[in-house]
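Input: a single structure, listed below in structure tokens.
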Amino acid sequence: MFEILKRGFTLVASVVFALGAVVWQPNAAQATCSLGTGSFSDGGYATPGTWYYYDVDSGPPNAIGDLWVNRNNTSWVETPGWLRTDVNGDAHKGPWTPISDEFAVAYIEWPNNNNCTTNEATHVNDV
């Protein structure tokens, strides 16, 4: 009896692992080098009548970064030259206010720094 339960658990665990691998697909273009911290000013959650910003701290100084964003679990879209850091490697974009429901994952890629990126920051617009 124990052997049958063990086999059943192994089968279920294998299916869950395989489905997780299919559902979670990281951006193939994203590098393995992390440089700078990207975040949304509202903690990643916005409602109507509020404003939010995207900030980068400790990125490369005086760099122009490309935005990579995946909205509503569709595909990754690049916007070249979207962000420029100051002499300290910090940047600030916005403000925006939510106009529709959206789940977004975003990061900045630094083209002149061995394709290093910020972390992936998530944001939800709840309208």
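Chain labels follow the order of the structure tokens: the first chain is A, the next B, and so on; residue numbering restarts at 1 in every chain, and ligands are counted from 1 in their shown order.
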
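Residues in contact range of segment 52-64 of chain A, defined as at most 7 Å between only C-alpha atoms, with sequence neighbours fewer than 2 positions away removed, read Leu35, Gly36, Thr37, Gly38, Ser39, Phe40, Ser41, Asp42, Thr50, Asp66, Gly81, Leu83, Arg84, Thr85, Asp86, Val87, Asn88, Gly89, Asp90, Ala91, His92, Lys93, Gly94, Pro95, Trp96, Thr97 and Trp110 of chain A.
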
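With only C-alpha atoms taken into account, the protein and nucleic acid residues at most 10 Å from Phe103 of chain A (excluding it and anything under 3 positions from it in its own chain) are Gly44, Tyr45, Asn70, Arg71, Asn72, Asn73, Ser100, Thr122, His123, Val124, Asn125 and Asp126 of chain A.
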
Need to verify the contact set: segment 115-117 of chain A, 6 Å, only C-alpha atoms, exclusion of same-chain residues closer than 3 positions in sequence. Can you return it as a compact mmCIF listing (two decimals) with N, CA and C atoms, in the first residue's frame?
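around.txt was written with the following content:
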# COMPACT_ATOMS: atom_id res chain seq x y z
N ALA A 31 19.53 38.97 -18.94
CA ALA A 31 20.88 38.53 -18.59
C ALA A 31 20.91 37.97 -17.17
N CYS A 33 23.41 38.89 -15.08
CA CYS A 33 24.11 39.89 -14.26
C CYS A 33 23.10 40.91 -13.75
N SER A 34 23.08 41.16 -12.45
CA SER A 34 22.15 42.11 -11.86
C SER A 34 22.88 43.41 -11.53
N LEU A 35 22.31 44.54 -11.97
CA LEU A 35 22.93 45.83 -11.73
C LEU A 35 21.84 46.88 -11.52
N ILE A 108 14.98 46.77 -16.38
CA ILE A 108 15.80 47.58 -17.27
C ILE A 108 17.03 46.79 -17.66
N GLU A 109 17.34 46.80 -18.95
CA GLU A 109 18.56 46.18 -19.46
C GLU A 109 19.55 47.28 -19.80
N TRP A 110 20.78 47.13 -19.33
CA TRP A 110 21.83 48.12 -19.57
C TRP A 110 22.69 47.66 -20.74
N PRO A 111 22.50 48.20 -21.93
CA PRO A 111 23.19 47.71 -23.13
C PRO A 111 24.71 47.79 -23.08

| Mind pulling up the distance from atom CA of Ser75 of chain A to atom CA of Ala106 of chain A? |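 If I compute the distance from atom CA of Ala106 of chain A to atom CA of Ser75 of chain A, I get 11.6 Å.
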
| task | Using only C-alpha atoms, pick whichever of A:Ala121, A:Pro48, A:Leu67, A:Pro80 has the shortest atom-to-atom distance to Val105 of chain A. | result |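 Nearest to Val105 of chain A: A:Ala121.
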
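Atom pair atom CA of Thr118 of chain A / atom CA of Trp82 of chain A: separated by 13.6 Å.
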